[in-house]
Structure formats: C-alpha cells, structure tokens
$ cat protein08.cif   # mmCIF, C-alpha atoms
data_model
loop_
_atom_site.label_atom_id
_atom_site.label_comp_id
_atom_site.auth_asym_id
_atom_site.auth_seq_id
_atom_site.Cartn_x
_atom_site.Cartn_y
_atom_site.Cartn_z
CA MET P 970 -4.70 20.90 39.63
CA SER P 971 -8.43 20.85 40.31
CA SER P 972 -10.02 19.04 43.23
CA ARG P 973 -11.74 16.72 40.76
CA THR P 974 -8.36 15.71 39.34
CA SER P 975 -6.87 15.22 42.80
CA ARG P 976 -9.70 12.87 43.77
CA ARG P 977 -9.35 10.52 40.81
CA ILE P 978 -10.46 6.94 41.40
CA PRO P 979 -7.37 4.76 42.01
CA THR P 980 -6.54 2.43 39.14
CA LEU P 981 -4.05 -0.35 38.62
CA PRO P 982 -0.61 0.79 37.42
CA SER P 983 -0.32 0.84 33.62
CA TRP P 984 2.71 -1.45 33.78
CA LEU P 985 0.78 -4.18 35.60
CA PRO P 986 -0.57 -6.62 33.00
CA VAL P 987 -3.94 -7.99 34.06
CA ASP P 988 -5.14 -10.21 31.25
CA PRO P 989 -8.66 -11.61 31.72
CA TYR P 990 -7.64 -14.47 29.46
CA ILE P 991 -5.22 -15.71 32.10
CA LEU P 992 -8.13 -15.85 34.53
CA ALA P 993 -10.14 -17.71 31.89
CA LEU P 994 -7.37 -20.31 31.56
CA ILE P 995 -7.27 -20.79 35.32
CA GLY P 996 -11.05 -21.05 35.41
CA THR P 997 -10.99 -23.67 32.65
CA VAL P 998 -8.53 -25.79 34.61
CA ALA P 999 -10.73 -25.44 37.70
CA LEU P 1000 -13.79 -26.46 35.68
CA ALA P 1001 -11.96 -29.53 34.39
CA ALA P 1002 -11.02 -30.43 37.97
CA LEU P 1003 -14.60 -30.09 39.22
CA LEU P 1004 -16.53 -31.30 36.15
CA PRO P 1005 -14.20 -33.33 33.95
CA ALA P 1006 -15.52 -34.68 30.67
CA SER P 1007 -15.61 -38.46 30.57
CA GLY P 1008 -17.02 -41.20 28.39
CA ALA P 1009 -19.11 -39.93 25.48
CA ALA P 1010 -18.71 -36.34 26.70
CA ALA P 1011 -14.94 -36.70 26.54
CA ASP P 1012 -15.15 -38.01 22.98
CA ALA P 1013 -17.36 -35.09 22.01
CA ALA P 1014 -15.04 -32.57 23.67
CA SER P 1015 -12.01 -34.12 21.96
CA GLY P 1016 -13.69 -33.95 18.55
CA ALA P 1017 -14.79 -30.37 19.16
CA SER P 1018 -11.28 -29.31 20.24
CA THR P 1019 -9.76 -30.90 17.13
CA GLY P 1020 -12.18 -29.00 14.92
CA ALA P 1021 -11.62 -25.76 16.86
CA VAL P 1022 -7.86 -25.97 16.43
CA ALA P 1023 -8.25 -26.64 12.71
CA LEU P 1024 -10.45 -23.54 12.47
CA LEU P 1025 -7.86 -21.58 14.45
CA PHE P 1026 -5.08 -22.39 11.98
CA PHE P 1027 -7.40 -21.76 9.03
CA LEU P 1028 -7.91 -18.23 10.37
CA TYR P 1029 -4.14 -17.84 10.78
CA GLY P 1030 -3.73 -18.68 7.11
CA ALA P 1031 -6.54 -16.35 6.04
CA ARG P 1032 -5.02 -13.45 7.98
CA LEU P 1033 -1.47 -13.71 6.66
CA SER P 1034 -0.91 -11.82 3.43
CA THR P 1035 1.01 -14.02 0.99
CA ALA P 1036 2.70 -10.96 -0.51
CA GLU P 1037 3.69 -9.80 2.97
CA ALA P 1038 5.10 -13.24 3.78
CA LEU P 1039 7.14 -13.30 0.56
CA ASP P 1040 8.41 -9.79 1.26
CA GLY P 1041 9.39 -10.94 4.74
CA LEU P 1042 11.74 -13.50 3.23
CA LYS P 1043 14.09 -10.60 2.50
CA HIS P 1044 14.82 -10.48 6.23
CA TRP P 1045 16.25 -13.99 6.17
CA ARG P 1046 18.92 -13.25 8.79
CA LEU P 1047 16.26 -12.12 11.24
CA HIS P 1048 14.12 -15.19 10.63
CA LEU P 1049 17.08 -17.55 10.97
CA THR P 1050 17.92 -15.86 14.27
CA VAL P 1051 14.38 -16.37 15.58
CA LEU P 1052 14.37 -20.00 14.41
CA ALA P 1053 17.74 -20.55 16.11
CA CYS P 1054 16.33 -19.18 19.37
CA THR P 1055 13.17 -21.28 19.09
CA PHE P 1056 14.51 -24.61 17.86
CA LEU P 1057 18.15 -24.56 19.00
CA ALA P 1058 18.72 -22.42 22.09
CA PHE P 1059 15.43 -23.35 23.76
CA PRO P 1060 15.91 -27.14 23.24
CA LEU P 1061 19.47 -26.94 24.58
CA LEU P 1062 18.22 -25.27 27.75
CA GLY P 1063 15.45 -27.86 27.92
CA LEU P 1064 18.02 -30.64 27.79
CA ALA P 1065 19.94 -28.94 30.60
CA SER P 1066 16.81 -29.28 32.76
CA HIS P 1067 17.58 -33.00 33.10
CA GLY P 1068 19.87 -31.88 35.92
CA LEU P 1069 16.81 -30.73 37.89
CA VAL P 1070 15.47 -34.31 38.20
CA PRO P 1071 14.53 -35.60 40.74
CA HIS P 1072 15.24 -32.93 43.37
CA VAL P 1073 13.49 -30.00 41.62
CA LEU P 1074 11.29 -31.56 38.93
CA THR P 1075 9.67 -34.95 38.62
CA PRO P 1076 10.47 -36.89 35.42
CA GLN P 1077 6.96 -36.17 34.11
CA LEU P 1078 7.23 -32.42 34.72
CA GLN P 1079 10.69 -32.39 33.18
CA ASP P 1080 9.26 -34.02 30.06
CA GLY P 1081 6.70 -31.21 29.92
CA PHE P 1082 9.42 -28.62 30.54
CA LEU P 1083 11.47 -30.02 27.67
CA PHE P 1084 8.39 -30.21 25.45
CA LEU P 1085 7.62 -26.51 25.95
CA CYS P 1086 11.18 -25.80 24.76
CA LEU P 1087 10.37 -27.57 21.46
CA VAL P 1088 7.15 -25.71 20.68
CA PRO P 1089 7.15 -22.98 17.97
CA SER P 1090 6.86 -19.27 18.68
CA THR P 1091 3.63 -17.32 18.99
CA ILE P 1092 2.10 -15.12 16.32
CA GLN P 1093 -0.44 -12.72 17.82
CA SER P 1094 1.31 -11.78 21.05
CA SER P 1095 4.68 -11.39 19.29
CA ILE P 1096 3.05 -8.96 16.87
CA ALA P 1097 1.18 -7.11 19.61
CA PHE P 1098 4.22 -6.62 21.84
CA THR P 1099 6.46 -5.69 18.91
CA SER P 1100 3.91 -3.09 17.85
CA MET P 1101 3.61 -1.74 21.39
CA ALA P 1102 7.39 -1.42 21.66
CA ARG P 1103 7.61 0.27 18.22
CA GLY P 1104 9.59 -2.54 16.64
CA ASN P 1105 9.62 -4.16 13.20
CA VAL P 1106 6.02 -5.36 13.01
CA PRO P 1107 6.11 -6.95 9.51
CA ALA P 1108 9.19 -8.93 10.57
CA ALA P 1109 7.38 -10.12 13.71
CA ILE P 1110 4.39 -11.22 11.61
CA CYS P 1111 6.57 -13.25 9.26
CA ALA P 1112 8.86 -14.60 11.99
CA GLY P 1113 5.93 -15.89 14.04
CA SER P 1114 4.27 -17.41 10.98
CA PHE P 1115 7.46 -19.08 9.73
CA SER P 1116 8.14 -20.46 13.22
CA SER P 1117 4.62 -21.91 13.45
CA LEU P 1118 4.92 -23.58 10.06
CA ALA P 1119 8.39 -24.94 10.82
CA GLY P 1120 7.16 -26.21 14.19
CA ILE P 1121 4.53 -28.41 12.60
CA LEU P 1122 7.40 -30.61 11.40
CA LEU P 1123 10.27 -29.74 13.75
CA THR P 1124 8.42 -30.00 17.07
CA PRO P 1125 7.28 -33.65 16.68
CA LEU P 1126 10.65 -34.62 15.18
CA LEU P 1127 12.56 -32.99 18.04
CA ALA P 1128 10.14 -34.59 20.52
CA ALA P 1129 10.87 -38.01 19.02
CA LEU P 1130 14.62 -37.35 19.19
CA LEU P 1131 14.88 -35.74 22.63
CA LEU P 1132 11.93 -37.08 24.58
CA GLY P 1133 12.06 -40.65 23.32
CA GLY P 1134 9.83 -42.79 25.49
CA GLY P 1135 8.52 -39.72 27.30
CA THR P 1136 5.86 -39.27 24.66
CA GLY P 1137 3.08 -41.65 23.88
CA GLY P 1138 5.24 -42.94 21.06
CA PHE P 1139 6.13 -40.92 17.99
CA SER P 1140 5.13 -42.41 14.67
CA ALA P 1141 4.39 -41.42 11.11
CA ASP P 1142 0.72 -41.48 12.12
CA SER P 1143 1.40 -38.83 14.77
CA LEU P 1144 3.08 -36.59 12.21
CA VAL P 1145 0.19 -37.07 9.77
CA LYS P 1146 -2.33 -36.12 12.45
CA ILE P 1147 -0.40 -32.95 13.30
CA VAL P 1148 -0.05 -31.98 9.64
CA LEU P 1149 -3.76 -32.57 8.98
CA GLN P 1150 -4.81 -30.64 12.06
CA LEU P 1151 -2.47 -27.65 11.70
CA LEU P 1152 -0.72 -27.33 8.34
CA VAL P 1153 -3.58 -28.30 6.02
CA PRO P 1154 -6.05 -25.78 7.54
CA PHE P 1155 -3.37 -23.07 7.42
CA LEU P 1156 -2.71 -23.72 3.72
CA ALA P 1157 -6.45 -23.80 3.07
CA GLY P 1158 -6.74 -20.37 4.68
CA GLN P 1159 -3.94 -19.09 2.45
CA LEU P 1160 -5.60 -20.51 -0.69
CA LEU P 1161 -9.01 -19.07 0.22
CA ARG P 1162 -7.67 -15.76 1.53
CA ARG P 1163 -8.70 -14.00 -1.68
CA TRP P 1164 -12.35 -14.70 -0.88
CA VAL P 1165 -12.42 -14.80 2.93
CA GLY P 1166 -9.58 -12.41 3.82
CA GLY P 1167 -11.83 -9.35 3.77
CA PHE P 1168 -14.41 -11.00 6.01
CA VAL P 1169 -11.71 -12.08 8.48
CA ALA P 1170 -10.23 -8.56 8.54
CA ARG P 1171 -13.63 -6.93 9.14
CA HIS P 1172 -14.54 -9.31 11.96
CA LYS P 1173 -11.13 -9.78 13.55
CA LYS P 1174 -12.40 -8.79 17.00
CA VAL P 1175 -15.18 -11.39 16.98
CA LEU P 1176 -12.93 -14.02 15.44
CA GLY P 1177 -10.40 -13.30 18.16
CA TYR P 1178 -12.83 -14.97 20.54
CA VAL P 1179 -12.65 -18.05 18.30
CA ASP P 1180 -8.87 -18.06 18.76
CA ARG P 1181 -9.07 -17.94 22.52
CA GLY P 1182 -12.10 -20.18 22.77
CA SER P 1183 -10.30 -22.87 20.78
CA ILE P 1184 -7.41 -22.86 23.21
CA LEU P 1185 -9.72 -22.97 26.22
CA LEU P 1186 -11.50 -25.99 24.75
CA VAL P 1187 -8.20 -27.83 24.21
CA VAL P 1188 -7.13 -26.97 27.77
CA TYR P 1189 -10.41 -28.31 29.17
CA THR P 1190 -10.11 -31.54 27.16
CA ALA P 1191 -6.49 -32.18 28.16
CA PHE P 1192 -7.01 -31.46 31.84
CA SER P 1193 -10.22 -33.48 31.95
CA GLU P 1194 -8.23 -36.50 30.77
CA GLY P 1195 -5.71 -35.85 33.53
CA VAL P 1196 -8.38 -35.66 36.21
CA VAL P 1197 -10.14 -38.81 34.98
CA GLY P 1198 -6.79 -40.60 34.81
CA GLY P 1199 -6.03 -39.61 38.42
CA ILE P 1200 -2.56 -38.22 37.71
CA TRP P 1201 -2.85 -34.92 39.56
CA HIS P 1202 -1.67 -36.40 42.83
CA GLN P 1203 1.80 -36.34 41.26
CA VAL P 1204 1.94 -32.51 41.36
CA THR P 1205 2.47 -31.06 44.85
CA PRO P 1206 2.50 -27.30 45.61
CA VAL P 1207 6.26 -27.52 46.22
CA ARG P 1208 6.85 -29.13 42.82
CA LEU P 1209 4.61 -26.52 41.20
CA GLY P 1210 6.59 -23.71 42.79
CA ALA P 1211 9.86 -25.28 41.70
CA LEU P 1212 8.54 -25.59 38.14
CA MET P 1213 7.58 -21.92 38.07
CA ALA P 1214 11.01 -20.91 39.36
CA ALA P 1215 12.72 -22.99 36.67
CA GLU P 1216 10.52 -21.42 34.00
CA ALA P 1217 11.27 -17.91 35.29
CA VAL P 1218 14.98 -18.63 34.83
CA LEU P 1219 14.33 -20.06 31.35
CA LEU P 1220 12.37 -16.98 30.27
CA ALA P 1221 14.99 -14.59 31.67
CA LEU P 1222 17.77 -16.42 29.82
CA MET P 1223 15.91 -16.37 26.49
CA LEU P 1224 14.89 -12.73 26.80
CA SER P 1225 18.51 -11.79 27.47
CA LEU P 1226 19.94 -14.07 24.76
CA SER P 1227 17.53 -12.86 22.08
CA TRP P 1228 18.08 -9.17 22.92
CA TYR P 1229 21.84 -9.03 23.44
CA GLY P 1230 22.57 -11.78 20.93
CA ALA P 1231 20.71 -9.82 18.25
CA LYS P 1232 22.78 -6.76 19.13
CA ARG P 1233 26.01 -8.72 18.69
CA LEU P 1234 24.75 -9.88 15.28
CA GLY P 1235 24.38 -6.26 14.20
CA PHE P 1236 20.59 -5.87 14.18
CA GLY P 1237 19.04 -2.46 14.77
CA ARG P 1238 16.59 -1.57 17.52
CA ALA P 1239 13.39 -2.34 15.57
CA ASP P 1240 14.69 -5.75 14.47
CA ARG P 1241 16.02 -6.58 17.94
CA ILE P 1242 12.57 -5.97 19.40
CA ALA P 1243 10.98 -8.35 16.89
CA ILE P 1244 13.67 -10.96 17.55
CA GLN P 1245 13.27 -10.69 21.32
CA PHE P 1246 9.50 -11.07 21.35
CA ALA P 1247 9.33 -13.75 18.65
CA GLY P 1248 12.41 -15.63 19.85
CA SER P 1249 11.55 -15.84 23.56
CA LYS P 1250 7.95 -16.99 23.37
CA LYS P 1251 6.15 -20.30 22.99
CA SER P 1252 2.77 -20.91 21.37
CA LEU P 1253 0.01 -22.41 23.48
CA ALA P 1254 -2.21 -22.70 20.40
CA ALA P 1255 0.30 -24.86 18.54
CA GLY P 1256 1.67 -26.74 21.55
CA LEU P 1257 -1.61 -28.00 23.00
CA PRO P 1258 -2.85 -30.00 20.00
CA MET P 1259 0.65 -31.39 19.41
CA ALA P 1260 0.86 -32.51 23.03
CA SER P 1261 -2.53 -34.19 22.75
CA VAL P 1262 -1.27 -36.25 19.82
CA LEU P 1263 2.21 -36.98 21.17
CA PHE P 1264 1.42 -37.63 24.84
CA GLY P 1265 -2.08 -39.06 24.64
CA ALA P 1266 -3.61 -39.64 28.07
CA HIS P 1267 -0.62 -37.97 29.77
CA ALA P 1268 -1.05 -34.69 27.87
CA SER P 1269 -2.34 -32.78 30.91
CA LEU P 1270 0.96 -33.04 32.80
CA ALA P 1271 2.88 -32.41 29.60
CA VAL P 1272 1.07 -29.13 28.88
CA LEU P 1273 1.12 -27.81 32.45
CA PRO P 1274 4.64 -26.31 32.05
CA LEU P 1275 3.60 -24.78 28.71
CA MET P 1276 0.48 -23.21 30.22
CA LEU P 1277 2.44 -21.69 33.10
CA PHE P 1278 5.16 -20.43 30.77
CA HIS P 1279 2.53 -18.93 28.45
CA GLN P 1280 1.05 -16.87 31.27
CA MET P 1281 4.47 -15.86 32.56
CA GLN P 1282 5.71 -14.72 29.15
CA LEU P 1283 2.59 -12.59 28.59
CA MET P 1284 2.98 -10.77 31.88
CA VAL P 1285 6.74 -10.22 31.62
CA CYS P 1286 6.70 -9.23 27.93
CA ALA P 1287 3.85 -6.78 28.54
CA VAL P 1288 6.04 -4.96 31.05
CA ILE P 1289 9.06 -4.99 28.70
CA ALA P 1290 7.02 -3.77 25.71
CA LYS P 1291 5.52 -0.95 27.76
CA ARG P 1292 8.96 0.22 28.84
CA ARG P 1293 10.43 -0.06 25.35
CA SER P 1294 7.56 2.06 24.02
CA ARG P 1295 8.98 4.95 26.04
CA ASP P 1296 12.51 4.57 24.65
CA PRO P 1297 13.67 7.42 22.40
CA LEU P 1298 13.77 6.34 18.76
CA PRO P 1299 17.06 6.61 16.83
CA GLU P 1300 17.36 9.87 14.94
CA SER P 1301 18.90 8.24 11.89
CA GLY P 1302 20.43 5.06 10.54
CA GLU P 1303 17.51 2.81 11.38
CA MET P 1304 14.05 2.40 9.95
CA SER P 1305 11.35 2.15 12.59
CA GLN P 1306 8.07 0.53 11.86
CA VAL P 1307 4.82 2.33 12.52
CA PRO P 1308 2.85 0.52 15.26
CA VAL P 1309 -0.29 -1.26 14.19
CA THR P 1310 -3.31 -2.27 16.18
CA VAL P 1311 -3.44 -6.00 16.93
CA SER P 1312 -6.37 -7.59 18.68
#
$ encode --input "protein08.cif" --output "structure tokens"
Amino acid sequence: MSSRTSRRIPTLPSWLPVDPYILALIGTVALAALLPASGAAADAASGASTGAVALLFFLYGARLSTAEALDGLKHWRLHLTVLACTFLAFPLLGLASHGLVPHVLTPQLQDGFLFLCLVPSTIQSSIAFTSMARGNVPAAICAGSFSSLAGILLTPLLAALLLGGGTGGFSADSLVKIVLQLLVPFLAGQLLRRWVGGFVARHKKVLGYVDRGSILLVVYTAFSEGVVGGIWHQVTPVRLGALMAAEAVLLALMLSLSWYGAKRLGFGRADRIAIQFAGSKKSLAAGLPMASVLFGAHASLAVLPLMLFHQMQLMVCAVIAKRRSRDPLPESGEMSQVPVTVS
C-alpha cells in the first residue's frame, strides 16, 4: 500500500446515512418557528402548498408506466401483503398505542402516532432501497403506487373510524378535497403520460427537487399554523424523546413482521425485500396534505410523529438496504431483479 493510500482523508462510514434532506426538514421547522407565516402570507403559503402537492402527484402519475402497473397486478399476493402491512398491521399497532396515554404520550401526540399508522406507503424510497438491496424493483414500484392510490380513500376513512373526534371532523367535503388534491392530479399524469412522460424521464433529477420542495412547503405551512396557534408548549423534550422511542419500537416491529411474515408466506428473497421496504414505510408526501385537511389548525402536532418516523425509517432502511446488497444471491430457484437507478 502506498503512502498516498495510507494517508487518505477520513470519510464517514458508508453505512451511515447522512441525508441532506433530513437537515432541510429540520431547517424548515426551525424557519417556521422563527418566521411563521401568518395572515395573508399564511393564505398564500397554504395555496402554494396545495398547488405544489397537486403537481407532486401529477408527476407521480406521469412517471408510472401504465403497462408496468398492469403487469404488476400479476403479483397480487405481494401487493395484498403490502396493503395488509400498511392498512391492517400498522393501524392495529397504532390502536395499541392508546395504552401509552397519558404516561408516555399526550392525547394529541397519540392522535398523531395513530394517524401515521394510517398513512399509505412511500414510492420513491421504497424503490430506491429495494434497488439497492437487489430486490424486486418492479414489484416495489407497483406496491408503492397501489398503496398511495388506496390510501387516498382508506386513510381518511380509517381516520374517521379510529380517530373520531381527534380530527377536525371528517366529512364528505374532506374526502372530496383529498381526492381533488391527490387522486385527480395522479390520474391526469397517467392520462398525459404519453406526451409528458419523456420530458419527466429526461428531467427526473431536476423534477426531484420539485418533489422535495413540495414537501418542505407543506411542512412550513403546517408548522407555521402550529406556532401561530401557540400549541408548541404542549411538547416537552421528555415527551419528544418518549415519542421517538415509541416510533423506534413501531418501526422495528414492522420491519420484522414484513420480513419474516413474507418468508412464512413463501415469498422469495427479491419479493421479501420489496415487501419489507414497501410494507414498513409511511409517506410524508401523502400524509402531510391529508393531515392538513383532516386536522386543520392542529395539523402541526398531528404530523410531528409522521415527520420523525419518516426520518427514522430513511436512516434505518438505508443501513438495512446496504447490508442486504452484500448478501449472496440465490444460485437458482429465484428470479432477482436488476437494480435500477432511482433519484
């Protein structure tokens, strides 16, 4: 080994996930605390965030190949397993969190904890981690997309059933707002994909900033409302630590259930990877606008558990995906998908 090699500049370990986007989320919350939008500025920010989220779901629709989605329906057992994790196992664990009130969680934080359990799965990060771990990437694409579409209807309905008075009051108007903001733009993207799909594919890196910028704008709007409403005195450092501990347990349970449960159901390695990453995650992009509609002025406390869980799942799943990428692939009996690059 040469002296130049021996004097390499120290770098962070490859297994340590340092996502600048997490820092951006924290910075957005800090900005909302220091300079919250109020009055006309709040109205403008709310309108801009609504439009940004609609654009976000339009891009989701334009990216998803209709033929690929139809082909993914062949893996119906895998998709049902992911949906069961997302909309059955998660909500049951969320209901169990009632036992943490009042000694661990406040009623408001528990509502947010339960709400995060009702949110659909992610799309981009599920695909990225599945690809990194050499899993079934097409299945992850379809599973995340199907979960997001199902969540547009299931999440508000489950919130009405399980949260009751914890939300700002579920109504047909709330469902219409969610459908108009999420489902309609997604379907528009699908319909126009023939004409805009190529442009979206060529500029996916730049449009990725639109994805993340949309979420940051929604975060700023929600937390500004919380600051103006003066509700942050309800969250002490001890309560925040207890919430993070509860979420760590929740994530560990779902990662284990999705991995070992899929094995018991007879899925191969590539499918188990897709099930684990799609079945253990929650979408910040879908959850934030839904919370804004369902919780109104109290959305900031409601989305705090989701924001923390989102960051936690990214860091933990990055470590898992990196380790799975080093696993030896089966020699026979199982098809392994070729990894793809996901921004």
$ axis_aligned_box --input "protein08.cif" --around "range 1287-1295 of chain P" --padding-each-side "8 Å" --output "AutoDock Vina command-line options"
--center_x 7.1 --center_y -0.9 --center_z 27.5 --size_x 22.6 --size_y 27.7 --size_z 23.0
$ residues_near_point --input "protein08.cif" --point "(12.7, -14.2, 23.4)" --cutoff "8 Å" --atoms "all atoms listed in the file" --output "JSON list (two decimals) with C-alpha atoms, in the frame of the given file"
[["chain", "number", "residue", "atom", "x", "y", "z"],
["P", 1054, "CYS", "CA", 16.33, -19.18, 19.37],
["P", 1220, "LEU", "CA", 12.37, -16.98, 30.27],
["P", 1223, "MET", "CA", 15.91, -16.37, 26.49],
["P", 1224, "LEU", "CA", 14.89, -12.73, 26.80],
["P", 1225, "SER", "CA", 18.51, -11.79, 27.47],
["P", 1226, "LEU", "CA", 19.94, -14.07, 24.76],
["P", 1227, "SER", "CA", 17.53, -12.86, 22.08],
["P", 1228, "TRP", "CA", 18.08, -9.17, 22.92],
["P", 1244, "ILE", "CA", 13.67, -10.96, 17.55],
["P", 1245, "GLN", "CA", 13.27, -10.69, 21.32],
["P", 1246, "PHE", "CA", 9.50, -11.07, 21.35],
["P", 1247, "ALA", "CA", 9.33, -13.75, 18.65],
["P", 1248, "GLY", "CA", 12.41, -15.63, 19.85],
["P", 1249, "SER", "CA", 11.55, -15.84, 23.56],
["P", 1250, "LYS", "CA", 7.95, -16.99, 23.37]]
$ atom_distance --input "protein08.cif" --atom1 "CA of Ala1031 in chain P" --atom2 "CA of Leu1161 in chain P"
6.9 Å
$ closest_residue --input "protein08.cif" --among "P:Thr1019, P:Ser1116, P:Ser1007, P:Thr1124" --to "Leu1087 in chain P" --atoms "only C-alpha atoms"
P:Thr1124
$ atom_distance --input "protein08.cif" --atom1 "CA of Ala1239 in chain P" --atom2 "CA of Asn1105 in chain P"
4.8 Å
$ resolve_selection --input "protein08.cif" --expression "the PyMOL selection byres ((chain P and resi 1277-1281) around 9)" --output "PyMOL selection string"
chain P and resi 991+1085+1212-1213+1216-1217+1220+1250-1253+1272-1276+1282-1286
$ atom_distance --input "protein08.cif" --atom1 "CA of Ala1006 in chain P" --atom2 "CA of Ser1193 in chain P"
5.6 Å
$ residues_around --input "protein08.cif" --residues "range 1055-1072 of chain P" --least-positions-apart "3" --cutoff "7 Å" --atoms "all atoms listed in the file" --output "JSON, numbers by chain"
{"P": [1051, 1052, 1075, 1076, 1079, 1082, 1083, 1086, 1087, 1089, 1090, 1248]}
$ resolve_selection --input "protein08.cif" --expression "the PyMOL selection byres ((chain P and resi 1033) around 9)" --output "ChimeraX atom specification"
/P:1028-1032,1034-1038,1110-1111,1114,1158-1159,1162,1166
$ closest_atom_pairs --input "protein08.cif" --of "range 1100-1219 of chain P" --to "range 1287-1293 of chain P" --cutoff "9 Å" --atoms "all atoms listed in the file" --output "JSON lines"
{"residue": "P:Ser1100", "atom": "CA", "partner": "P:Ala1290", "partner_atom": "CA", "distance": 8.5}
{"residue": "P:Met1101", "atom": "CA", "partner": "P:Ala1290", "partner_atom": "CA", "distance": 5.9}
{"residue": "P:Ala1102", "atom": "CA", "partner": "P:Ala1290", "partner_atom": "CA", "distance": 4.7}
{"residue": "P:Arg1103", "atom": "CA", "partner": "P:Arg1293", "partner_atom": "CA", "distance": 7.7}
$ resolve_selection --input "protein08.cif" --expression "the PyMOL selection byres ((chain P and resi 997) around 10)" --output "mmCIF file with C-alpha atoms, in the frame of the given file"
data_model
loop_
_atom_site.group_PDB
_atom_site.id
_atom_site.type_symbol
_atom_site.label_atom_id
_atom_site.label_comp_id
_atom_site.auth_asym_id
_atom_site.auth_seq_id
_atom_site.Cartn_x
_atom_site.Cartn_y
_atom_site.Cartn_z
ATOM 1 C CA ILE P 991 -5.220 -15.710 32.100
ATOM 2 C CA LEU P 992 -8.130 -15.850 34.530
ATOM 3 C CA ALA P 993 -10.140 -17.710 31.890
ATOM 4 C CA LEU P 994 -7.370 -20.310 31.560
ATOM 5 C CA ILE P 995 -7.270 -20.790 35.320
ATOM 6 C CA GLY P 996 -11.050 -21.050 35.410
ATOM 7 C CA VAL P 998 -8.530 -25.790 34.610
ATOM 8 C CA ALA P 999 -10.730 -25.440 37.700
ATOM 9 C CA LEU P 1000 -13.790 -26.460 35.680
ATOM 10 C CA ALA P 1001 -11.960 -29.530 34.390
ATOM 11 C CA ALA P 1002 -11.020 -30.430 37.970
ATOM 12 C CA LEU P 1003 -14.600 -30.090 39.220
ATOM 13 C CA LEU P 1185 -9.720 -22.970 26.220
ATOM 14 C CA LEU P 1186 -11.500 -25.990 24.750
ATOM 15 C CA VAL P 1187 -8.200 -27.830 24.210
ATOM 16 C CA VAL P 1188 -7.130 -26.970 27.770
ATOM 17 C CA TYR P 1189 -10.410 -28.310 29.170
ATOM 18 C CA THR P 1190 -10.110 -31.540 27.160
ATOM 19 C CA PHE P 1192 -7.010 -31.460 31.840
ATOM 20 C CA SER P 1193 -10.220 -33.480 31.950
#
$ closest_residue --input "protein08.cif" --among "P:Thr1050, P:Ile1096, P:Phe1084, P:Pro1107" --to "Ala1129 in chain P" --atoms "all atoms listed in the file"
P:Phe1084
$ decode --input "protein08.cif" --residues "range 993-999 of chain P" --atoms "all heavy atoms" --output "PDB file, in the first residue's frame"
ATOM      1  N   ALA P 993     -32.712  19.574   5.770  1.00  0.00           N
ATOM      2  CA  ALA P 993     -33.616  20.564   5.191  1.00  0.00           C
ATOM      3  C   ALA P 993     -34.959  20.572   5.908  1.00  0.00           C
ATOM      4  O   ALA P 993     -35.544  21.639   6.144  1.00  0.00           O
ATOM      5  CB  ALA P 993     -33.808  20.286   3.702  1.00  0.00           C
ATOM      6  N   LEU P 994     -35.461  19.399   6.270  1.00  0.00           N
ATOM      7  CA  LEU P 994     -36.714  19.311   7.018  1.00  0.00           C
ATOM      8  C   LEU P 994     -36.583  19.987   8.380  1.00  0.00           C
ATOM      9  O   LEU P 994     -37.460  20.748   8.806  1.00  0.00           O
ATOM     10  CB  LEU P 994     -37.126  17.846   7.204  1.00  0.00           C
ATOM     11  CG  LEU P 994     -37.759  17.145   6.005  1.00  0.00           C
ATOM     12  CD1 LEU P 994     -37.846  15.644   6.262  1.00  0.00           C
ATOM     13  CD2 LEU P 994     -39.140  17.707   5.717  1.00  0.00           C
ATOM     14  N   ILE P 995     -35.472  19.706   9.059  1.00  0.00           N
ATOM     15  CA  ILE P 995     -35.243  20.325  10.367  1.00  0.00           C
ATOM     16  C   ILE P 995     -35.132  21.836  10.220  1.00  0.00           C
ATOM     17  O   ILE P 995     -35.684  22.613  11.015  1.00  0.00           O
ATOM     18  CB  ILE P 995     -33.972  19.742  11.015  1.00  0.00           C
ATOM     19  CG1 ILE P 995     -34.164  18.243  11.299  1.00  0.00           C
ATOM     20  CG2 ILE P 995     -33.639  20.482  12.311  1.00  0.00           C
ATOM     21  CD1 ILE P 995     -32.908  17.550  11.780  1.00  0.00           C
ATOM     22  N   GLY P 996     -34.415  22.276   9.175  1.00  0.00           N
ATOM     23  CA  GLY P 996     -34.287  23.708   8.940  1.00  0.00           C
ATOM     24  C   GLY P 996     -35.614  24.370   8.635  1.00  0.00           C
ATOM     25  O   GLY P 996     -35.862  25.513   9.041  1.00  0.00           O
ATOM     26  N   THR P 997     -36.501  23.650   7.932  1.00  0.00           N
ATOM     27  CA  THR P 997     -37.821  24.206   7.614  1.00  0.00           C
ATOM     28  C   THR P 997     -38.650  24.385   8.879  1.00  0.00           C
ATOM     29  O   THR P 997     -39.349  25.401   9.039  1.00  0.00           O
ATOM     30  CB  THR P 997     -38.559  23.275   6.638  1.00  0.00           C
ATOM     31  OG1 THR P 997     -37.769  23.136   5.447  1.00  0.00           O
ATOM     32  CG2 THR P 997     -39.922  23.835   6.277  1.00  0.00           C
ATOM     33  N   VAL P 998     -38.571  23.413   9.772  1.00  0.00           N
ATOM     34  CA  VAL P 998     -39.287  23.533  11.049  1.00  0.00           C
ATOM     35  C   VAL P 998     -38.736  24.712  11.845  1.00  0.00           C
ATOM     36  O   VAL P 998     -39.497  25.488  12.445  1.00  0.00           O
ATOM     37  CB  VAL P 998     -39.167  22.223  11.857  1.00  0.00           C
ATOM     38  CG1 VAL P 998     -39.772  22.396  13.246  1.00  0.00           C
ATOM     39  CG2 VAL P 998     -39.861  21.085  11.122  1.00  0.00           C
ATOM     40  N   ALA P 999     -37.411  24.859  11.855  1.00  0.00           N
ATOM     41  CA  ALA P 999     -36.799  25.984  12.566  1.00  0.00           C
ATOM     42  C   ALA P 999     -37.227  27.317  11.960  1.00  0.00           C
ATOM     43  O   ALA P 999     -37.505  28.283  12.685  1.00  0.00           O
ATOM     44  CB  ALA P 999     -35.274  25.851  12.538  1.00  0.00           C
TER      45      ALA P 999
END
